[in-house]
Amino acid sequence: AIGEEGLSLGVDVVLGPGVNIKRGPRCGRNFEYFSEDPYLAGQMGAAWVAGAESTGIGTSLKHFAANNQEYKRFNGNSQMDERTLREIYLPAFETTVKNAQPATVMCAYPALNGVHCSDNKMLLNDILRGEWGFKGLVVTDWGALCDRVRAMEAGCDLSMPGGSDYMEDRVAAAVREGKLPESAVDTCAERVIRLALKSAALQKGLPFDPNAHHALAQQVAESGAVLLKNEDGILPLKAGDIVLVGDMAKNVRYQGSGSSHINPTRLTSLCDALPDAPYVACCDGKGNVSEASLREAAEAARSAKIAVVCAGLPDIYESEGFDRDNLRMSEGHLRMIDAVANANPNTVVVLFCGSVVELPWIDKVKAILYMGLPGQAGGQAAANLLTGKATPSGKLTETWPLRLEDAPSFGTFGKKYTHYSEGIYVGYRYYDRAGTGVRFPFGYGLSYTSFSYSDLNVSGKTVSATITNTGSLPGAEVVQLYVVPPAGGLHRPARELKGFARVFLQPGENKMVSFMLDDRSFSVWNG
């Protein structure tokens, strides 16, 4: 769908997907990235590229590599040992390149171990092209070119934004003086020309079906939403009156800010999807409240059987270009939830935010439905999930810590020279090994139905199990396969995700799910 819409607008290359690891929960672009887990990020990245490029359009796998914070991103320095690089920060790129061959790879702003990514021959030539077999073009992030001579030698083909003569004179001088082989310039030029010719041949300007794409957006939002809490089975909502509280019920937060910002073909809010439900804004778009608005929300909550509060992170809280200072929601949203929950014990919170938030109010509400940033049909998806027309089945792709200070990167995040001192122990790899309690673990997500696992079988490198829907509603289960290391040898995480499969089952139905592992599923980097 993204490919079709890009081509309709004359786009040659879509600037995505971003497969950077969610090293810390404060990163301002975590809403764009897939996971704290490199296996999951790689599988999602490869599927994203294959789907988009099936239309003929190009993609740009980004940001290569170790671009895990926004602070000082233009001139920062990500410093880590090779095992950490190879096991955590490169595999998502490797999987996507090997399985889907994106048209372009976008090099990142910061330096990696002292060498800017645009100039990093080990990264762009030796690993990307030599080890992984990448066939496409390397493009810089916008303004990310450091030294044009070293960049051409490293295999960085295209500096963006285009039209700049930055250091062209030095390149020419380096060729004349024999310091830069002319063949290096020719090779970069050839890759640019090849992409230009391929793009020129694409059929652009063709219409797409906006209704079908909107329906797909709804399906994605329904499938990805995560039910975090459902005390007393309050969800799905039974017949009866509800009240919607919060500006986000009417002005849904459906996307992040920065260069990922798009214009939807249409936009559906929760108020649009539930037109008969009374609505109280309580807060404005920035999360501000007043004593009068809090009283109005509390009165409305008292008069309803169930109060549904829409809250999360307003636009100004997460975006490209800056990181968050903390994991707190806006003070206004916190006061709004407290006011409604104090007035009505049957309060449900629908969270619209692109990354982790602290939940000091969790014990005051009956249910929490995490929508993330759900796209243009997010309001309809939320309505369907709340009312049981759809069953939640999403799982968290990152750990939610109890507090920011528990995050393994807490002491080193947000520095110009960022020492990845936690090494391979990122996300659940750290929390599992350290035994640190979390709010919600990686892979967590509730359902309106229940599932049982049986007939586990391991035969060589094939693992299978039978999954049965033991509840009363149809629903999907995301089956997750982890490997546990043997005793001895190199230190390793307590478990690592190496497979996942989504299976949809009617009540009483069962299906066998199989996983095929390979040597890489058990590998560690040791030189």
# chains A, B, ... in the order shown; residues from 1 in each chain; ligands from 1

$ select_by_dssp --residues "stretch 284-379 of chain A" --states "alpha helix (DSSP H)" --output "CSV table (one decimal) with N, CA and C atoms, in the first residue's frame"
chain,number,residue,atom,x,y,z
A,291,GLU,N,-9.4,23.5,36.2
A,291,GLU,CA,-10.2,22.9,37.3
A,291,GLU,C,-11.6,22.7,36.8
A,292,ALA,N,-12.1,23.7,36.0
A,292,ALA,CA,-13.5,23.5,35.4
A,292,ALA,C,-13.6,22.3,34.5
A,293,SER,N,-12.6,22.1,33.6
A,293,SER,CA,-12.7,21.0,32.7
A,293,SER,C,-12.6,19.7,33.4
A,294,LEU,N,-11.8,19.6,34.5
A,294,LEU,CA,-11.7,18.4,35.3
A,294,LEU,C,-13.0,18.1,36.0
A,295,ARG,N,-13.7,19.1,36.5
A,295,ARG,CA,-15.0,18.9,37.2
A,295,ARG,C,-16.0,18.4,36.2
A,296,GLU,N,-16.0,19.0,34.9
A,296,GLU,CA,-16.9,18.5,33.9
A,296,GLU,C,-16.7,17.1,33.5
A,297,ALA,N,-15.4,16.7,33.4
A,297,ALA,CA,-15.1,15.3,33.1
A,297,ALA,C,-15.5,14.3,34.2
A,298,ALA,N,-15.3,14.7,35.5
A,298,ALA,CA,-15.7,13.9,36.6
A,298,ALA,C,-17.2,13.7,36.6
A,299,GLU,N,-18.0,14.8,36.4
A,299,GLU,CA,-19.4,14.7,36.4
A,299,GLU,C,-19.9,13.8,35.3
A,300,ALA,N,-19.3,13.9,34.1
A,300,ALA,CA,-19.7,13.1,33.0
A,300,ALA,C,-19.4,11.6,33.3
A,301,ALA,N,-18.2,11.4,34.0
A,301,ALA,CA,-17.9,10.0,34.3
A,301,ALA,C,-18.8,9.4,35.3
A,302,ARG,N,-19.3,10.2,36.3
A,302,ARG,CA,-20.2,9.7,37.3
A,302,ARG,C,-21.6,9.3,36.7
A,331,GLU,N,1.2,16.4,32.6
A,331,GLU,CA,0.5,16.6,33.9
A,331,GLU,C,-1.0,16.6,33.7
A,332,GLY,N,-1.4,17.3,32.6
A,332,GLY,CA,-2.9,17.4,32.4
A,332,GLY,C,-3.5,16.0,32.1
A,333,HIS,N,-2.9,15.2,31.4
A,333,HIS,CA,-3.4,13.8,31.1
A,333,HIS,C,-3.5,13.0,32.4
A,334,LEU,N,-2.4,13.1,33.2
A,334,LEU,CA,-2.4,12.4,34.5
A,334,LEU,C,-3.6,12.9,35.4
A,335,ARG,N,-3.8,14.2,35.5
A,335,ARG,CA,-4.9,14.8,36.3
A,335,ARG,C,-6.2,14.4,35.7
A,336,MET,N,-6.3,14.3,34.4
A,336,MET,CA,-7.6,13.9,33.8
A,336,MET,C,-8.0,12.5,34.1
A,337,ILE,N,-7.0,11.6,34.0
A,337,ILE,CA,-7.2,10.2,34.4
A,337,ILE,C,-7.6,10.0,35.8
A,338,ASP,N,-6.9,10.7,36.7
A,338,ASP,CA,-7.2,10.6,38.1
A,338,ASP,C,-8.6,11.1,38.4
A,339,ALA,N,-9.0,12.3,37.8
A,339,ALA,CA,-10.3,12.8,38.1
A,339,ALA,C,-11.4,11.9,37.6
A,340,VAL,N,-11.3,11.3,36.5
A,340,VAL,CA,-12.3,10.3,35.9
A,340,VAL,C,-12.3,9.1,36.8
A,341,ALA,N,-11.1,8.5,37.1
A,341,ALA,CA,-11.1,7.2,37.8
A,341,ALA,C,-11.6,7.4,39.2
A,342,ASN,N,-11.4,8.6,39.8
A,342,ASN,CA,-11.9,8.8,41.2
A,342,ASN,C,-13.5,9.0,41.2
A,343,ALA,N,-14.0,9.4,40.0
A,343,ALA,CA,-15.4,9.6,39.9
A,343,ALA,C,-16.1,8.3,39.5
A,378,GLY,N,-7.2,4.6,13.0
A,378,GLY,CA,-7.0,4.2,14.4
A,378,GLY,C,-8.2,4.3,15.3
A,379,GLY,N,-9.0,5.4,15.0
A,379,GLY,CA,-10.3,5.6,15.8
A,379,GLY,C,-11.3,4.4,15.6

$ residues_around --residues "stretch 260-263 of chain A" --least-positions-apart "6" --cutoff "12 Å" --atoms "only C-alpha atoms" --output "ChimeraX atom specification"
/A:2,5-6,14-18,29-33,253-254,315,319-321,373,375-376

$ write_last_selection --atoms "N, CA and C atoms" --output "PDB file, in the first residue's frame"
ATOM      1  N   ILE A   2       1.931   1.250   0.812  1.00  0.00           N
ATOM      2  CA  ILE A   2       2.844   2.398   0.838  1.00  0.00           C
ATOM      3  C   ILE A   2       3.499   2.585  -0.529  1.00  0.00           C
ATOM      4  N   GLU A   5       0.931   4.095  -2.987  1.00  0.00           N
ATOM      5  CA  GLU A   5       0.661   5.503  -2.735  1.00  0.00           C
ATOM      6  C   GLU A   5       1.866   6.367  -3.112  1.00  0.00           C
ATOM      7  N   GLY A   6       3.085   5.851  -2.858  1.00  0.00           N
ATOM      8  CA  GLY A   6       4.274   6.586  -3.267  1.00  0.00           C
ATOM      9  C   GLY A   6       4.336   6.773  -4.777  1.00  0.00           C
ATOM     10  N   VAL A  14      10.919   5.437  -1.270  1.00  0.00           N
ATOM     11  CA  VAL A  14      10.316   5.748   0.026  1.00  0.00           C
ATOM     12  C   VAL A  14      11.409   5.665   1.092  1.00  0.00           C
ATOM     13  N   LEU A  15      11.468   6.673   1.961  1.00  0.00           N
ATOM     14  CA  LEU A  15      12.547   6.733   2.948  1.00  0.00           C
ATOM     15  C   LEU A  15      12.173   5.933   4.200  1.00  0.00           C
ATOM     16  N   GLY A  16      12.261   4.656   4.097  1.00  0.00           N
ATOM     17  CA  GLY A  16      11.965   3.735   5.195  1.00  0.00           C
ATOM     18  C   GLY A  16      12.227   2.337   4.700  1.00  0.00           C
ATOM     19  N   PRO A  17      12.199   1.360   5.594  1.00  0.00           N
ATOM     20  CA  PRO A  17      11.851   1.440   7.008  1.00  0.00           C
ATOM     21  C   PRO A  17      13.064   1.742   7.892  1.00  0.00           C
ATOM     22  N   GLY A  18      12.780   2.171   9.121  1.00  0.00           N
ATOM     23  CA  GLY A  18      13.821   2.341  10.127  1.00  0.00           C
ATOM     24  C   GLY A  18      13.882   1.120  11.012  1.00  0.00           C
ATOM     25  N   ARG A  29      12.712   8.951  18.289  1.00  0.00           N
ATOM     26  CA  ARG A  29      12.192   8.293  17.087  1.00  0.00           C
ATOM     27  C   ARG A  29      11.820   6.836  17.335  1.00  0.00           C
ATOM     28  N   ASN A  30      11.668   6.447  18.590  1.00  0.00           N
ATOM     29  CA  ASN A  30      11.282   5.056  18.849  1.00  0.00           C
ATOM     30  C   ASN A  30       9.962   4.697  18.189  1.00  0.00           C
ATOM     31  N   PHE A  31       9.078   5.688  18.002  1.00  0.00           N
ATOM     32  CA  PHE A  31       7.799   5.401  17.348  1.00  0.00           C
ATOM     33  C   PHE A  31       7.985   4.934  15.911  1.00  0.00           C
ATOM     34  N   GLU A  32       9.133   5.240  15.310  1.00  0.00           N
ATOM     35  CA  GLU A  32       9.401   4.819  13.931  1.00  0.00           C
ATOM     36  C   GLU A  32      10.039   3.430  13.855  1.00  0.00           C
ATOM     37  N   TYR A  33      10.649   3.009  14.933  1.00  0.00           N
ATOM     38  CA  TYR A  33      11.423   1.769  14.906  1.00  0.00           C
ATOM     39  C   TYR A  33      10.573   0.599  15.396  1.00  0.00           C
ATOM     40  N   ARG A 253      -4.379  11.006  18.052  1.00  0.00           N
ATOM     41  CA  ARG A 253      -2.926  11.061  17.801  1.00  0.00           C
ATOM     42  C   ARG A 253      -2.572   9.797  17.029  1.00  0.00           C
ATOM     43  N   TYR A 254      -2.435   9.909  15.743  1.00  0.00           N
ATOM     44  CA  TYR A 254      -2.296   8.736  14.884  1.00  0.00           C
ATOM     45  C   TYR A 254      -0.928   8.586  14.253  1.00  0.00           C
ATOM     46  N   ASP A 315       1.722  15.597  20.494  1.00  0.00           N
ATOM     47  CA  ASP A 315       2.766  15.713  19.465  1.00  0.00           C
ATOM     48  C   ASP A 315       4.072  16.274  19.998  1.00  0.00           C
ATOM     49  N   SER A 319       9.208  13.165  18.918  1.00  0.00           N
ATOM     50  CA  SER A 319       9.405  13.576  17.533  1.00  0.00           C
ATOM     51  C   SER A 319      10.840  13.316  17.119  1.00  0.00           C
ATOM     52  N   GLU A 320      11.054  13.277  15.827  1.00  0.00           N
ATOM     53  CA  GLU A 320      12.414  13.357  15.317  1.00  0.00           C
ATOM     54  C   GLU A 320      13.038  14.658  15.806  1.00  0.00           C
ATOM     55  N   GLY A 321      14.323  14.639  16.111  1.00  0.00           N
ATOM     56  CA  GLY A 321      15.040  15.859  16.454  1.00  0.00           C
ATOM     57  C   GLY A 321      15.321  16.053  17.924  1.00  0.00           C
ATOM     58  N   LEU A 373       0.656   4.519  17.916  1.00  0.00           N
ATOM     59  CA  LEU A 373       0.234   5.560  16.980  1.00  0.00           C
ATOM     60  C   LEU A 373      -0.403   4.816  15.804  1.00  0.00           C
ATOM     61  N   GLY A 375      -2.307   5.135  13.064  1.00  0.00           N
ATOM     62  CA  GLY A 375      -2.598   5.428  11.667  1.00  0.00           C
ATOM     63  C   GLY A 375      -3.994   5.999  11.468  1.00  0.00           C
ATOM     64  N   GLN A 376      -4.333   6.211  10.189  1.00  0.00           N
ATOM     65  CA  GLN A 376      -5.508   7.008   9.849  1.00  0.00           C
ATOM     66  C   GLN A 376      -6.830   6.358  10.236  1.00  0.00           C
TER      67      GLN A 376
END

$ select_by_dssp --residues "stretch 284-397 of chain A" --states "strand (DSSP E or B)" --output "list of chain:residue names"
A:Ile306, A:Ala307, A:Val308, A:Val309, A:Cys310, A:Ala311, A:Gly312, A:Ser319, A:Phe322, A:Thr347, A:Val348, A:Val349, A:Val350, A:Leu351, A:Phe352, A:Ala367, A:Ile368, A:Leu369, A:Tyr370

$ write_last_selection --atoms "C-alpha atoms" --output "compact mmCIF listing (two decimals), in the first residue's frame"
# COMPACT_ATOMS: atom_id res chain seq x y z
CA ILE A 306 -18.12 3.09 31.99
CA ALA A 307 -15.77 6.00 31.32
CA VAL A 308 -13.31 5.69 28.43
CA VAL A 309 -10.38 8.11 28.73
CA CYS A 310 -8.18 8.76 25.69
CA ALA A 311 -4.72 9.91 26.73
CA GLY A 312 -1.05 9.46 25.92
CA SER A 319 9.41 13.58 17.53
CA PHE A 322 14.88 15.46 20.22
CA THR A 347 -12.64 3.51 33.92
CA VAL A 348 -10.90 2.33 30.76
CA VAL A 349 -7.83 4.14 29.37
CA VAL A 350 -6.99 4.08 25.65
CA LEU A 351 -3.33 5.04 25.20
CA PHE A 352 -2.16 6.88 22.09
CA ALA A 367 -8.47 -1.65 31.65
CA ILE A 368 -5.73 -0.24 29.42
CA LEU A 369 -5.75 -0.59 25.64
CA TYR A 370 -2.48 0.53 24.04

$ closest_atom_pairs --of "stretch 249-332 of chain A" --to "stretch 214-234 of chain A" --cutoff "9 Å" --atoms "only C-alpha atoms" --output "JSON lines"
{"residue": "A:Thr265", "atom": "CA", "partner": "A:His214", "partner_atom": "CA", "distance": 7.9}
{"residue": "A:Arg266", "atom": "CA", "partner": "A:His214", "partner_atom": "CA", "distance": 7.7}
{"residue": "A:Leu267", "atom": "CA", "partner": "A:His214", "partner_atom": "CA", "distance": 8.8}
{"residue": "A:Ile306", "atom": "CA", "partner": "A:Ile234", "partner_atom": "CA", "distance": 8.9}

$ atom_distance --atom1 "atom CA of A:Ala144" --atom2 "atom CA of A:Thr95"
24.1 Å

$ decode --residues "stretch 162-173 of chain A" --atoms "all heavy atoms" --output "short mmCIF file (atom, residue, chain, number, x, y, z; two decimals), in the first residue's frame"
data_model
loop_
_atom_site.label_atom_id
_atom_site.label_comp_id
_atom_site.auth_asym_id
_atom_site.auth_seq_id
_atom_site.Cartn_x
_atom_site.Cartn_y
_atom_site.Cartn_z
N GLY A 162 20.20 16.73 -2.55
CA GLY A 162 21.00 16.82 -3.77
C GLY A 162 21.35 18.26 -4.13
O GLY A 162 20.84 19.22 -3.55
N GLY A 163 22.24 18.40 -5.09
CA GLY A 163 22.57 19.72 -5.61
C GLY A 163 23.72 20.41 -4.90
O GLY A 163 24.10 21.53 -5.28
N SER A 164 24.28 19.78 -3.89
CA SER A 164 25.36 20.42 -3.15
C SER A 164 26.71 20.11 -3.80
O SER A 164 26.96 19.00 -4.24
CB SER A 164 25.36 19.91 -1.70
OG SER A 164 26.54 20.29 -1.05
N ASP A 165 27.57 21.15 -3.84
CA ASP A 165 28.94 20.92 -4.33
C ASP A 165 29.93 20.77 -3.18
O ASP A 165 31.13 20.96 -3.35
CB ASP A 165 29.38 22.05 -5.26
CG ASP A 165 29.37 23.42 -4.57
OD1 ASP A 165 29.03 23.48 -3.37
OD2 ASP A 165 29.69 24.42 -5.24
N TYR A 166 29.41 20.40 -2.03
CA TYR A 166 30.23 20.26 -0.82
C TYR A 166 31.42 19.33 -1.08
O TYR A 166 31.25 18.16 -1.44
CB TYR A 166 29.35 19.70 0.31
CG TYR A 166 30.08 19.29 1.57
CD1 TYR A 166 30.69 20.24 2.39
CD2 TYR A 166 30.15 17.95 1.95
CE1 TYR A 166 31.36 19.87 3.54
CE2 TYR A 166 30.81 17.56 3.11
CZ TYR A 166 31.41 18.53 3.90
OH TYR A 166 32.06 18.15 5.05
N MET A 167 32.63 19.85 -0.97
CA MET A 167 33.89 19.12 -1.08
C MET A 167 34.13 18.51 -2.46
O MET A 167 35.00 17.66 -2.62
CB MET A 167 33.99 18.02 -0.02
CG MET A 167 34.19 18.57 1.40
SD MET A 167 34.53 17.28 2.61
CE MET A 167 36.21 16.80 2.16
N GLU A 168 33.39 18.97 -3.49
CA GLU A 168 33.64 18.42 -4.84
C GLU A 168 35.05 18.76 -5.31
O GLU A 168 35.71 17.96 -5.97
CB GLU A 168 32.61 18.96 -5.83
CG GLU A 168 31.27 18.24 -5.77
CD GLU A 168 30.34 18.66 -6.90
OE1 GLU A 168 30.66 19.62 -7.62
OE2 GLU A 168 29.29 18.01 -7.04
N ASP A 169 35.52 19.97 -4.94
CA ASP A 169 36.87 20.37 -5.35
C ASP A 169 37.92 19.46 -4.72
O ASP A 169 38.93 19.11 -5.34
CB ASP A 169 37.11 21.83 -4.98
CG ASP A 169 36.86 22.14 -3.51
OD1 ASP A 169 36.20 21.32 -2.83
OD2 ASP A 169 37.30 23.21 -3.05
N ARG A 170 37.68 19.04 -3.48
CA ARG A 170 38.63 18.15 -2.81
C ARG A 170 38.62 16.76 -3.43
O ARG A 170 39.66 16.09 -3.50
CB ARG A 170 38.33 18.07 -1.32
CG ARG A 170 38.47 19.40 -0.60
CD ARG A 170 38.45 19.24 0.89
NE ARG A 170 38.20 20.51 1.56
CZ ARG A 170 38.13 20.65 2.87
NH1 ARG A 170 38.31 19.60 3.66
NH2 ARG A 170 37.88 21.83 3.41
N VAL A 171 37.46 16.32 -3.87
CA VAL A 171 37.38 15.03 -4.55
C VAL A 171 38.18 15.07 -5.84
O VAL A 171 38.98 14.17 -6.14
CB VAL A 171 35.91 14.63 -4.84
CG1 VAL A 171 35.85 13.39 -5.73
CG2 VAL A 171 35.16 14.39 -3.54
N ALA A 172 37.97 16.14 -6.62
CA ALA A 172 38.70 16.28 -7.89
C ALA A 172 40.21 16.34 -7.64
O ALA A 172 41.00 15.69 -8.35
CB ALA A 172 38.24 17.54 -8.62
N ALA A 173 40.60 17.07 -6.62
CA ALA A 173 42.03 17.18 -6.30
C ALA A 173 42.59 15.84 -5.85
O ALA A 173 43.72 15.47 -6.23
CB ALA A 173 42.23 18.24 -5.21
#
